[in-house]
Amino acid sequence: MSMDETQEEIIRPDHYGDDDFDTDLERTAPKKRVEDLLLNMGPQHPSTHGVLRIVLEMEGEIIVKATPYLGYLHRGVEKLSENSTYSQIIPLTDRLDYTCSMTNNYAFVRAVEKLLQVEIPERAEYVRTIVAEMQRLAGHLFWLGTQALDIGAMTVFFYTFREREVLLDLFEVLCGARLTMSYYRVGGVDRDLTKEIVDRLYKFLETFPENVDEYNTLLETNRIWLGRTRDIAVISAKDAVSFGLTGPALRGSGVNYDIRKAEPYGVYDKVEWEVPLGKKGDTYDRYWIRVEEMRQSAKIIKQCLDQLPEGPIAVDLPTITYPPRDKVTTDMESLIHHFMIATEGFDVPEGEIYCGTEVPKGELGFYIVSQGGNKPYRLRIRPPSFIHMGAFEHMARGYMVSDIITIFGTYDVVMGECDR
Amino acid sequence: MHDIALKIKEACPEGFIAEKQAFGELTVIVDRAYVMEVCRFLLEEPSLDFDMLTDLCSVDFPNEAPRFEVVYQLYSLEWNHRLRIKARVPEDDCRIDSVCALWRSANFMEREVYDMMGISFNNHPDLRRILMTEDYDEGYPLRKDFPVEGRGWRDDFDRLSQDAG
């Protein structure tokens, strides 16, 4: 759609069709005409990872202003949560960032546990950390595959999804679901890691670092990949902090902020790993960080599996934890116990807490206001994707329209979480 | 009293109302007229250096006066400490100063508060609805007096009948 309908006709450049035309358009086509355009991108677009509309104001191919219109996937999760018991909210958190539901569960149960002030058994902490890092791997693999696919490198997608499939199969063995897991419970986890899962995970970790190298042979020094990602969507450290970016988007600009290090939870302080940091804050840096984070996650999982202690997988507190699963099917009292927790939930003391957790996208925070009772009075989700969208306009300005997909993908935005 | 709360009280005695420590978190309640002043101090004072506005949201207490509460979660990368600032906003004059000039992340979050709870922000550069559509006229969904199933706006949507093809 043209903003100015009374434009003159398109002037054919003089060199067009000439045998010896000069490729330097500036010189040979002095009458180059630049048209202001208003381009509507979305809501349905394969690369928007959900439903998002962006209105682009352009000067020729250069983006002057990019205004995101959000809310197409708004389901009122915060409102619904006010009318659900704490254990009923866990499945709702699956549907925030549906590519990384395990870490969403983790972020939520951590917040509730902070309110309840319960101590989690050691084995449960290990299992939680292992599963969260598996989810981080799956999330980053998903990101790498789709980002490369969006930019035009289709092959990478097949390689990353090969590994992601292995992880999703493991999740399926673990909890029966592949996408919306609802595996974490307040006070622990739902099921224990079996020997089969541990063995398969070890086997996966044996080959995984080589597989990461394999993705890198496709991208790291690929001319097209470099051309499409280097110096694209650059954000300075100061701006990134001001915009509240977190996760790889912030660390790409060289700011060392990872909640796993800053406020350690789980067993992140018992294993050795490093936080990769970028230099320039461009898309290539963020790509490099995610690849490096995958290596670190694999390292964390390996160490956790080596250290994995025996013990219970949930806190021994019958008021909040479900009875063992095998007992529910054979024992009347356990069935009633299970039923009561599932339907009535458990009471949480009065108070308010904010609890941030490092998920693959950044800092997923839950701010819970409790007035006692089994439902939160107010549950606020601090979604990294929504806050990253706030920086979108700033990031997109001045780039070409062909870069908009790269810029959108580089934050790893998922609209389910952005719109809630 | 916590060090940070003490510093806020010294820097802005008129704006400081109370402090609360619970669950290892510090909350400072301030007067809404001084929100901008307090926030500017928190950002610019080197020993506090709250350079990241992690979250901005609001809570509705319909049986209390003033009714609304705007909540700011702040974090300092330099000092690795967190702080929660809260300010009450009455229903009949439902507005508070925008902190967009201090933290750019406030832009979208303030728009969300405006959209979901109807609190206006003075000097906000672009205060529009963000998650609900622009023609949404049922009110503010996250207020406590708003029914969870909505007020029938969706019933007006065009529906295809089963035999329409």
# chains A, B, ... in the order shown; residues from 1 in each chain; ligands from 1
$ closest_atom_pairs --of "chain A" --to "chain B" --cutoff "6 Å" --atoms "only C-alpha atoms" --output "CSV"
residue,atom,partner,partner_atom,distance
A:Leu70,CA,B:Leu131,CA,5.6
A:Gly71,CA,B:Leu131,CA,3.9
A:Val241,CA,B:Met52,CA,5.9
A:Ser242,CA,B:Trp103,CA,5.1
A:Phe243,CA,B:Ser105,CA,4.2
A:Gly244,CA,B:Ser105,CA,5.4
A:Gly390,CA,B:Phe108,CA,5.7
$ write_last_selection --atoms "C-alpha atoms" --output "PDB file, in the first residue's frame"
ATOM      1  CA  LEU A  70       0.466  -7.785  20.007  1.00  0.00           C
ATOM      2  CA  GLY A  71      -2.342  -9.676  21.647  1.00  0.00           C
ATOM      3  CA  VAL A 241      19.831  -3.103  29.986  1.00  0.00           C
ATOM      4  CA  SER A 242      17.492  -0.150  29.658  1.00  0.00           C
ATOM      5  CA  PHE A 243      15.090  -2.221  27.562  1.00  0.00           C
ATOM      6  CA  GLY A 244      15.170  -4.936  30.191  1.00  0.00           C
ATOM      7  CA  GLY A 390       9.463  -3.680  23.534  1.00  0.00           C
TER       8      GLY A 390
END
$ select_by_dssp --residues "region 27-230 of chain A" --states "alpha helix (DSSP H)" --output "PyMOL selection string"
chain A and resi 27-28+77-82+86-94+101-116+122-151+155-175+195-219+223-229
$ write_last_selection --atoms "C-alpha atoms" --output "tab-separated table (two decimals), in the first residue's frame"
chain	number	residue	atom	x	y	z
A	27	ARG	CA	26.04	6.66	-10.49
A	28	THR	CA	24.17	5.31	-13.49
A	77	VAL	CA	-3.54	-16.54	31.69
A	78	GLU	CA	-3.09	-14.06	34.54
A	79	LYS	CA	-6.84	-13.69	34.99
A	80	LEU	CA	-7.41	-17.43	34.74
A	81	SER	CA	-4.72	-18.01	37.34
A	82	GLU	CA	-6.59	-15.90	39.88
A	86	TYR	CA	-1.72	-23.39	42.48
A	87	SER	CA	-1.46	-26.90	41.09
A	88	GLN	CA	-3.98	-26.06	38.38
A	89	ILE	CA	-1.77	-23.21	37.20
A	90	ILE	CA	1.12	-25.53	36.31
A	91	PRO	CA	-0.57	-26.70	33.07
A	92	LEU	CA	-1.33	-23.04	32.23
A	93	THR	CA	2.37	-22.22	32.41
A	94	ASP	CA	3.03	-24.96	29.82
A	101	SER	CA	7.29	-25.85	28.97
A	102	MET	CA	9.58	-27.58	31.48
A	103	THR	CA	11.40	-24.40	32.37
A	104	ASN	CA	8.09	-22.53	32.65
A	105	ASN	CA	6.87	-25.13	35.14
A	106	TYR	CA	10.12	-24.76	36.99
A	107	ALA	CA	9.84	-20.98	37.20
A	108	PHE	CA	6.31	-21.21	38.57
A	109	VAL	CA	6.85	-23.94	41.16
A	110	ARG	CA	9.95	-22.14	42.37
A	111	ALA	CA	7.87	-19.04	43.03
A	112	VAL	CA	5.23	-20.99	44.96
A	113	GLU	CA	7.90	-22.79	46.94
A	114	LYS	CA	9.42	-19.46	47.88
A	115	LEU	CA	6.06	-18.48	49.34
A	116	LEU	CA	5.65	-21.82	51.10
A	122	GLU	CA	18.51	-33.11	47.01
A	123	ARG	CA	17.65	-35.69	44.37
A	124	ALA	CA	14.63	-33.63	43.31
A	125	GLU	CA	16.88	-30.59	42.86
A	126	TYR	CA	19.21	-32.63	40.65
A	127	VAL	CA	16.38	-34.04	38.59
A	128	ARG	CA	14.92	-30.56	38.17
A	129	THR	CA	18.21	-29.12	37.03
A	130	ILE	CA	18.82	-31.97	34.58
A	131	VAL	CA	15.36	-31.66	33.08
A	132	ALA	CA	15.56	-27.86	32.90
A	133	GLU	CA	18.86	-28.08	31.03
A	134	MET	CA	17.44	-30.72	28.69
A	135	GLN	CA	14.68	-28.25	27.98
A	136	ARG	CA	17.22	-25.51	27.39
A	137	LEU	CA	18.92	-27.73	24.84
A	138	ALA	CA	15.61	-28.47	23.16
A	139	GLY	CA	14.70	-24.77	23.18
A	140	HIS	CA	18.00	-23.63	21.72
A	141	LEU	CA	17.93	-26.41	19.12
A	142	PHE	CA	14.46	-25.27	18.15
A	143	TRP	CA	15.65	-21.69	17.93
A	144	LEU	CA	18.72	-22.52	15.86
A	145	GLY	CA	16.73	-24.65	13.43
A	146	THR	CA	13.95	-22.13	12.91
A	147	GLN	CA	16.19	-19.07	12.82
A	148	ALA	CA	18.33	-20.66	10.12
A	149	LEU	CA	15.20	-21.78	8.30
A	150	ASP	CA	13.77	-18.26	8.43
A	151	ILE	CA	16.97	-16.81	7.04
A	155	THR	CA	19.47	-27.86	6.15
A	156	VAL	CA	20.25	-26.85	9.73
A	157	PHE	CA	16.63	-27.41	10.67
A	158	PHE	CA	16.86	-31.13	9.88
A	159	TYR	CA	20.01	-31.54	11.95
A	160	THR	CA	18.79	-29.67	15.04
A	161	PHE	CA	15.41	-31.37	15.00
A	162	ARG	CA	17.15	-34.73	14.88
A	163	GLU	CA	18.63	-34.03	18.34
A	164	ARG	CA	15.53	-32.29	19.61
A	165	GLU	CA	13.57	-35.41	18.76
A	166	VAL	CA	15.81	-37.50	21.01
A	167	LEU	CA	15.17	-35.11	23.88
A	168	LEU	CA	11.43	-35.02	23.29
A	169	ASP	CA	11.39	-38.83	23.25
A	170	LEU	CA	13.09	-38.77	26.63
A	171	PHE	CA	10.51	-36.31	27.93
A	172	GLU	CA	7.83	-38.66	26.68
A	173	VAL	CA	9.33	-41.55	28.62
A	174	LEU	CA	9.67	-39.31	31.63
A	175	CYS	CA	6.22	-37.77	31.82
A	195	LYS	CA	17.72	-46.09	34.69
A	196	GLU	CA	16.59	-46.24	31.09
A	197	ILE	CA	16.34	-42.43	30.87
A	198	VAL	CA	19.73	-41.95	32.54
A	199	ASP	CA	21.38	-44.40	30.15
A	200	ARG	CA	19.78	-42.87	27.10
A	201	LEU	CA	20.75	-39.40	28.29
A	202	TYR	CA	24.38	-40.48	28.75
A	203	LYS	CA	24.33	-41.92	25.26
A	204	PHE	CA	22.88	-38.70	23.89
A	205	LEU	CA	25.53	-36.61	25.63
A	206	GLU	CA	28.32	-38.73	24.16
A	207	THR	CA	27.53	-37.62	20.64
A	208	PHE	CA	25.95	-34.23	21.32
A	209	PRO	CA	29.12	-32.06	21.32
A	210	GLU	CA	30.04	-33.51	17.93
A	211	ASN	CA	26.57	-32.73	16.67
A	212	VAL	CA	26.95	-29.11	17.76
A	213	ASP	CA	30.19	-28.98	15.79
A	214	GLU	CA	28.25	-30.34	12.87
A	215	TYR	CA	25.73	-27.45	13.01
A	216	ASN	CA	28.64	-25.08	13.18
A	217	THR	CA	30.22	-26.48	10.04
A	218	LEU	CA	27.01	-25.47	8.30
A	219	LEU	CA	26.86	-21.96	9.74
A	223	ARG	CA	29.28	-16.56	3.94
A	224	ILE	CA	25.54	-16.19	3.58
A	225	TRP	CA	24.94	-16.80	7.29
A	226	LEU	CA	27.62	-14.23	8.18
A	227	GLY	CA	26.19	-11.74	5.74
A	228	ARG	CA	22.70	-12.16	7.15
A	229	THR	CA	23.61	-12.09	10.83
$ closest_residue --among "A:Thr85, A:Ile336, A:Tyr411, A:His394" --to "Ser370 (chain A)" --atoms "only C-alpha atoms"
A:Thr85
$ residues_around --residues "region 279-291 of chain A" --least-positions-apart "4" --cutoff "6 Å" --atoms "only C-alpha atoms" --output "PDB file with C-alpha atoms, in the first residue's frame"
ATOM      1  CA  THR A 229      23.610 -12.086  10.833  1.00  0.00           C
ATOM      2  CA  ARG A 230      26.737 -10.009  11.333  1.00  0.00           C
ATOM      3  CA  ASP A 231      26.004  -6.387  12.254  1.00  0.00           C
ATOM      4  CA  ILE A 232      22.284  -7.060  12.073  1.00  0.00           C
ATOM      5  CA  ALA A 233      20.071  -5.982  14.980  1.00  0.00           C
ATOM      6  CA  VAL A 234      22.936  -4.524  16.959  1.00  0.00           C
ATOM      7  CA  ILE A 235      22.025  -3.356  20.439  1.00  0.00           C
ATOM      8  CA  PRO A 248      21.052 -14.594  25.427  1.00  0.00           C
ATOM      9  CA  GLY A 252      25.014 -11.025  23.393  1.00  0.00           C
ATOM     10  CA  SER A 253      25.778  -7.403  24.218  1.00  0.00           C
ATOM     11  CA  GLY A 254      28.396  -8.497  26.722  1.00  0.00           C
ATOM     12  CA  THR A 410      17.162 -13.238  17.116  1.00  0.00           C
TER      13      THR A 410
END
$ residues_around --residues "Gly362 (chain A)" --least-positions-apart "6" --cutoff "6 Å" --atoms "only C-alpha atoms" --output "PyMOL selection string"
chain A and resi 246-247+384
$ write_last_selection --atoms "N, CA and C atoms" --output "compact mmCIF listing (two decimals), in the first residue's frame"
# COMPACT_ATOMS: atom_id res chain seq x y z
N THR A 246 16.92 -9.82 28.71
CA THR A 246 17.56 -10.80 29.58
C THR A 246 17.95 -12.00 28.71
N GLY A 247 18.63 -12.93 29.32
CA GLY A 247 18.98 -14.15 28.61
C GLY A 247 20.01 -13.90 27.52
N PRO A 384 9.75 -12.84 29.31
CA PRO A 384 10.87 -12.25 28.57
C PRO A 384 10.49 -11.86 27.15
$ select_by_dssp --residues "chain B" --states "strand (DSSP E or B)" --output "PyMOL selection string"
chain B and resi 16-22+25-30+52-60+68-76+81-89+95-97+120-122
$ write_last_selection --atoms "N, CA and C atoms" --output "short mmCIF file (atom, residue, chain, number, x, y, z; two decimals), in the first residue's frame"
data_model
loop_
_atom_site.label_atom_id
_atom_site.label_comp_id
_atom_site.auth_asym_id
_atom_site.auth_seq_id
_atom_site.Cartn_x
_atom_site.Cartn_y
_atom_site.Cartn_z
N PHE B 16 8.53 8.87 50.99
CA PHE B 16 8.67 7.59 51.65
C PHE B 16 7.50 7.33 52.59
N ILE B 17 6.86 6.19 52.47
CA ILE B 17 5.75 5.88 53.37
C ILE B 17 6.11 4.76 54.33
N ALA B 18 6.57 3.63 53.79
CA ALA B 18 6.88 2.51 54.68
C ALA B 18 7.82 1.54 53.98
N GLU B 19 8.42 0.67 54.76
CA GLU B 19 9.21 -0.41 54.17
C GLU B 19 8.74 -1.72 54.77
N LYS B 20 8.96 -2.79 54.02
CA LYS B 20 8.51 -4.10 54.47
C LYS B 20 9.55 -5.13 54.04
N GLN B 21 9.93 -6.00 54.96
CA GLN B 21 10.86 -7.06 54.59
C GLN B 21 10.19 -8.40 54.86
N ALA B 22 10.08 -9.20 53.82
CA ALA B 22 9.47 -10.52 53.98
C ALA B 22 10.02 -11.43 52.90
N GLU B 25 12.85 -10.41 50.73
CA GLU B 25 12.71 -9.36 49.73
C GLU B 25 12.36 -8.05 50.42
N LEU B 26 12.83 -6.98 49.83
CA LEU B 26 12.59 -5.66 50.41
C LEU B 26 11.55 -4.93 49.56
N THR B 27 10.55 -4.39 50.23
CA THR B 27 9.53 -3.60 49.57
C THR B 27 9.50 -2.22 50.19
N VAL B 28 9.47 -1.20 49.34
CA VAL B 28 9.34 0.16 49.84
C VAL B 28 8.08 0.76 49.25
N ILE B 29 7.23 1.27 50.13
CA ILE B 29 5.98 1.86 49.67
C ILE B 29 6.18 3.36 49.60
N VAL B 30 5.86 3.95 48.46
CA VAL B 30 6.09 5.38 48.28
C VAL B 30 4.78 6.07 47.88
N MET B 52 18.07 -1.83 35.98
CA MET B 52 17.11 -2.64 35.23
C MET B 52 15.74 -2.64 35.89
N LEU B 53 14.75 -2.21 35.12
CA LEU B 53 13.37 -2.33 35.59
C LEU B 53 12.89 -3.70 35.14
N THR B 54 12.93 -4.65 36.06
CA THR B 54 12.61 -6.03 35.70
C THR B 54 11.13 -6.16 35.34
N ASP B 55 10.30 -5.56 36.16
CA ASP B 55 8.88 -5.75 35.94
C ASP B 55 8.10 -4.54 36.45
N LEU B 56 6.97 -4.31 35.81
CA LEU B 56 6.08 -3.25 36.26
C LEU B 56 4.67 -3.80 36.12
N CYS B 57 3.94 -3.86 37.19
CA CYS B 57 2.58 -4.40 37.09
C CYS B 57 1.69 -3.71 38.11
N SER B 58 0.46 -4.14 38.18
CA SER B 58 -0.48 -3.49 39.10
C SER B 58 -1.35 -4.55 39.75
N VAL B 59 -1.85 -4.21 40.93
CA VAL B 59 -2.73 -5.11 41.67
C VAL B 59 -3.98 -4.32 42.05
N ASP B 60 -5.11 -4.99 42.00
CA ASP B 60 -6.38 -4.33 42.29
C ASP B 60 -6.88 -4.79 43.66
N PHE B 68 -5.90 0.93 43.69
CA PHE B 68 -4.90 0.20 42.89
C PHE B 68 -3.50 0.36 43.46
N GLU B 69 -2.69 -0.59 43.11
CA GLU B 69 -1.30 -0.57 43.54
C GLU B 69 -0.43 -0.82 42.32
N VAL B 70 0.49 0.09 42.03
CA VAL B 70 1.43 -0.12 40.93
C VAL B 70 2.73 -0.63 41.53
N VAL B 71 3.24 -1.71 40.98
CA VAL B 71 4.39 -2.40 41.56
C VAL B 71 5.56 -2.38 40.59
N TYR B 72 6.70 -1.95 41.06
CA TYR B 72 7.92 -1.91 40.25
C TYR B 72 8.92 -2.89 40.85
N GLN B 73 9.44 -3.78 40.01
CA GLN B 73 10.50 -4.69 40.47
C GLN B 73 11.80 -4.19 39.86
N LEU B 74 12.74 -3.85 40.72
CA LEU B 74 14.01 -3.31 40.21
C LEU B 74 15.15 -4.26 40.51
N TYR B 75 16.13 -4.19 39.65
CA TYR B 75 17.30 -5.04 39.84
C TYR B 75 18.55 -4.25 39.48
N SER B 76 19.62 -4.47 40.21
CA SER B 76 20.87 -3.80 39.91
C SER B 76 21.90 -4.84 39.44
N HIS B 81 21.36 -6.70 43.63
CA HIS B 81 20.28 -6.65 44.61
C HIS B 81 18.97 -6.24 43.94
N ARG B 82 17.89 -6.64 44.62
CA ARG B 82 16.56 -6.37 44.09
C ARG B 82 15.78 -5.49 45.05
N LEU B 83 14.80 -4.82 44.52
CA LEU B 83 13.96 -3.95 45.33
C LEU B 83 12.59 -3.87 44.68
N ARG B 84 11.58 -3.83 45.53
CA ARG B 84 10.22 -3.65 45.01
C ARG B 84 9.69 -2.32 45.50
N ILE B 85 9.22 -1.51 44.58
CA ILE B 85 8.62 -0.22 44.92
C ILE B 85 7.12 -0.33 44.67
N LYS B 86 6.32 0.16 45.60
CA LYS B 86 4.88 0.11 45.39
C LYS B 86 4.30 1.49 45.65
N ALA B 87 3.30 1.83 44.86
CA ALA B 87 2.62 3.11 45.05
C ALA B 87 1.13 2.89 44.84
N ARG B 88 0.33 3.48 45.70
CA ARG B 88 -1.12 3.33 45.60
C ARG B 88 -1.70 4.41 44.69
N VAL B 89 -2.71 4.03 43.92
CA VAL B 89 -3.37 4.95 43.00
C VAL B 89 -4.87 4.87 43.28
N ARG B 95 -4.21 7.79 37.89
CA ARG B 95 -3.02 8.08 37.08
C ARG B 95 -1.78 8.17 37.95
N ILE B 96 -0.65 7.94 37.31
CA ILE B 96 0.64 7.98 38.00
C ILE B 96 1.67 8.38 36.96
N ASP B 97 2.81 8.90 37.42
CA ASP B 97 3.84 9.33 36.47
C ASP B 97 4.47 8.13 35.77
N SER B 120 -3.72 5.22 34.06
CA SER B 120 -3.04 6.05 33.07
C SER B 120 -1.67 6.46 33.57
N PHE B 121 -0.79 6.70 32.64
CA PHE B 121 0.56 7.12 32.99
C PHE B 121 0.84 8.49 32.40
N ASN B 122 1.14 9.46 33.26
CA ASN B 122 1.45 10.80 32.79
C ASN B 122 2.74 10.78 31.99
#
$ residues_around --residues "region 62-68 of chain A" --least-positions-apart "6" --cutoff "7 Å" --atoms "only C-alpha atoms" --output "list in words"
Arg53, Ile54, Val55, Leu56, Glu393, Ala396, Arg397, Gly398, Tyr399, Met400 and Val401 of chain A
$ write_last_selection --atoms "N, CA and C atoms" --output "PDB file, in the first residue's frame"
ATOM      1  N   ARG A  53       1.487  -9.104  14.385  1.00  0.00           N
ATOM      2  CA  ARG A  53       1.402  -8.198  13.252  1.00  0.00           C
ATOM      3  C   ARG A  53       2.408  -7.077  13.471  1.00  0.00           C
ATOM      4  N   ILE A  54       3.159  -6.783  12.433  1.00  0.00           N
ATOM      5  CA  ILE A  54       4.091  -5.662  12.502  1.00  0.00           C
ATOM      6  C   ILE A  54       3.756  -4.726  11.355  1.00  0.00           C
ATOM      7  N   VAL A  55       3.579  -3.461  11.663  1.00  0.00           N
ATOM      8  CA  VAL A  55       3.374  -2.472  10.613  1.00  0.00           C
ATOM      9  C   VAL A  55       4.706  -1.786  10.374  1.00  0.00           C
ATOM     10  N   LEU A  56       5.194  -1.926   9.151  1.00  0.00           N
ATOM     11  CA  LEU A  56       6.505  -1.381   8.815  1.00  0.00           C
ATOM     12  C   LEU A  56       6.330  -0.102   8.016  1.00  0.00           C
ATOM     13  N   GLU A 393      11.198  -2.220  18.079  1.00  0.00           N
ATOM     14  CA  GLU A 393      11.194  -1.014  17.252  1.00  0.00           C
ATOM     15  C   GLU A 393      12.595  -0.403  17.188  1.00  0.00           C
ATOM     16  N   ALA A 396      14.884  -2.649  15.012  1.00  0.00           N
ATOM     17  CA  ALA A 396      14.604  -2.811  13.583  1.00  0.00           C
ATOM     18  C   ALA A 396      14.911  -1.554  12.784  1.00  0.00           C
ATOM     19  N   ARG A 397      14.906  -0.415  13.430  1.00  0.00           N
ATOM     20  CA  ARG A 397      15.050   0.850  12.714  1.00  0.00           C
ATOM     21  C   ARG A 397      16.375   0.903  11.951  1.00  0.00           C
ATOM     22  N   GLY A 398      16.268   1.250  10.672  1.00  0.00           N
ATOM     23  CA  GLY A 398      17.475   1.428   9.880  1.00  0.00           C
ATOM     24  C   GLY A 398      17.930   0.201   9.123  1.00  0.00           C
ATOM     25  N   TYR A 399      17.308  -0.939   9.367  1.00  0.00           N
ATOM     26  CA  TYR A 399      17.696  -2.138   8.636  1.00  0.00           C
ATOM     27  C   TYR A 399      16.778  -2.343   7.441  1.00  0.00           C
ATOM     28  N   MET A 400      17.161  -3.310   6.599  1.00  0.00           N
ATOM     29  CA  MET A 400      16.384  -3.588   5.401  1.00  0.00           C
ATOM     30  C   MET A 400      15.184  -4.462   5.754  1.00  0.00           C
ATOM     31  N   VAL A 401      14.203  -4.443   4.879  1.00  0.00           N
ATOM     32  CA  VAL A 401      12.992  -5.225   5.145  1.00  0.00           C
ATOM     33  C   VAL A 401      13.317  -6.718   5.187  1.00  0.00           C
TER      34      VAL A 401
END
$ closest_residue --among "A:His338, A:Val413, A:Ser385, A:Val369" --to "Arg325 (chain A)" --atoms "only C-alpha atoms"
A:His338
$ closest_residue --among "A:Phe366, A:Val189, A:Val328, A:Tyr377" --to "Pro62 (chain B)" --atoms "only C-alpha atoms"
A:Tyr377
$ residues_around --residues "Cys39 (chain B)" --least-positions-apart "2" --cutoff "9 Å" --atoms "only C-alpha atoms" --output "mmCIF file with N, CA and C atoms, in the first residue's frame"
data_model
loop_
_atom_site.group_PDB
_atom_site.id
_atom_site.type_symbol
_atom_site.label_atom_id
_atom_site.label_comp_id
_atom_site.auth_asym_id
_atom_site.auth_seq_id
_atom_site.Cartn_x
_atom_site.Cartn_y
_atom_site.Cartn_z
ATOM 1 N N TYR B 34 5.576 11.057 44.231
ATOM 2 C CA TYR B 34 7.035 11.113 44.269
ATOM 3 C C TYR B 34 7.687 9.915 43.577
ATOM 4 N N VAL B 35 6.889 9.141 42.849
ATOM 5 C CA VAL B 35 7.423 7.937 42.210
ATOM 6 C C VAL B 35 8.593 8.269 41.298
ATOM 7 N N MET B 36 8.411 9.307 40.492
ATOM 8 C CA MET B 36 9.459 9.678 39.541
ATOM 9 C C MET B 36 10.734 10.085 40.287
ATOM 10 N N GLU B 37 10.550 10.862 41.334
ATOM 11 C CA GLU B 37 11.713 11.342 42.098
ATOM 12 C C GLU B 37 12.468 10.173 42.735
ATOM 13 N N PHE B 41 16.237 8.710 41.710
ATOM 14 C CA PHE B 41 17.288 8.549 42.716
ATOM 15 C C PHE B 41 17.835 7.122 42.693
ATOM 16 N N LEU B 42 16.946 6.139 42.619
ATOM 17 C CA LEU B 42 17.378 4.741 42.628
ATOM 18 C C LEU B 42 18.249 4.421 41.421
ATOM 19 N N LEU B 43 17.935 5.039 40.292
ATOM 20 C CA LEU B 43 18.707 4.772 39.079
ATOM 21 C C LEU B 43 20.050 5.487 39.110
ATOM 22 N N GLU B 44 20.046 6.720 39.624
ATOM 23 C CA GLU B 44 21.240 7.546 39.468
ATOM 24 C C GLU B 44 22.216 7.470 40.631
ATOM 25 N N PHE B 50 20.065 0.942 40.376
ATOM 26 C CA PHE B 50 19.048 0.020 39.865
ATOM 27 C C PHE B 50 18.861 0.276 38.368
ATOM 28 N N ILE B 85 9.218 -1.511 44.577
ATOM 29 C CA ILE B 85 8.619 -0.220 44.919
ATOM 30 C C ILE B 85 7.117 -0.328 44.665
ATOM 31 N N VAL B 99 7.544 6.131 34.084
ATOM 32 C CA VAL B 99 8.995 6.079 34.291
ATOM 33 C C VAL B 99 9.724 5.722 32.985
ATOM 34 N N LEU B 102 13.202 6.943 32.365
ATOM 35 C CA LEU B 102 14.315 6.347 33.102
ATOM 36 C C LEU B 102 14.676 4.975 32.553
#
$ decode --residues "region 65-80 of chain A" --atoms "C-alpha atoms" --output "PDB file, in the first residue's frame"
ATOM      1  CA  LYS A  65       9.552   2.499  11.972  1.00  0.00           C
ATOM      2  CA  ALA A  66       8.339  -0.949  12.948  1.00  0.00           C
ATOM      3  CA  THR A  67       5.297  -1.025  15.196  1.00  0.00           C
ATOM      4  CA  PRO A  68       4.380  -4.406  16.664  1.00  0.00           C
ATOM      5  CA  TYR A  69       0.717  -5.134  17.340  1.00  0.00           C
ATOM      6  CA  LEU A  70       0.466  -7.785  20.007  1.00  0.00           C
ATOM      7  CA  GLY A  71      -2.342  -9.676  21.647  1.00  0.00           C
ATOM      8  CA  TYR A  72      -3.440 -12.114  18.946  1.00  0.00           C
ATOM      9  CA  LEU A  73      -2.610 -14.979  21.272  1.00  0.00           C
ATOM     10  CA  HIS A  74      -3.902 -13.360  24.449  1.00  0.00           C
ATOM     11  CA  ARG A  75      -5.746 -15.954  26.508  1.00  0.00           C
ATOM     12  CA  GLY A  76      -5.837 -14.165  29.841  1.00  0.00           C
ATOM     13  CA  VAL A  77      -3.538 -16.543  31.689  1.00  0.00           C
ATOM     14  CA  GLU A  78      -3.087 -14.064  34.539  1.00  0.00           C
ATOM     15  CA  LYS A  79      -6.836 -13.686  34.992  1.00  0.00           C
ATOM     16  CA  LEU A  80      -7.410 -17.431  34.738  1.00  0.00           C
TER      17      LEU A  80
END
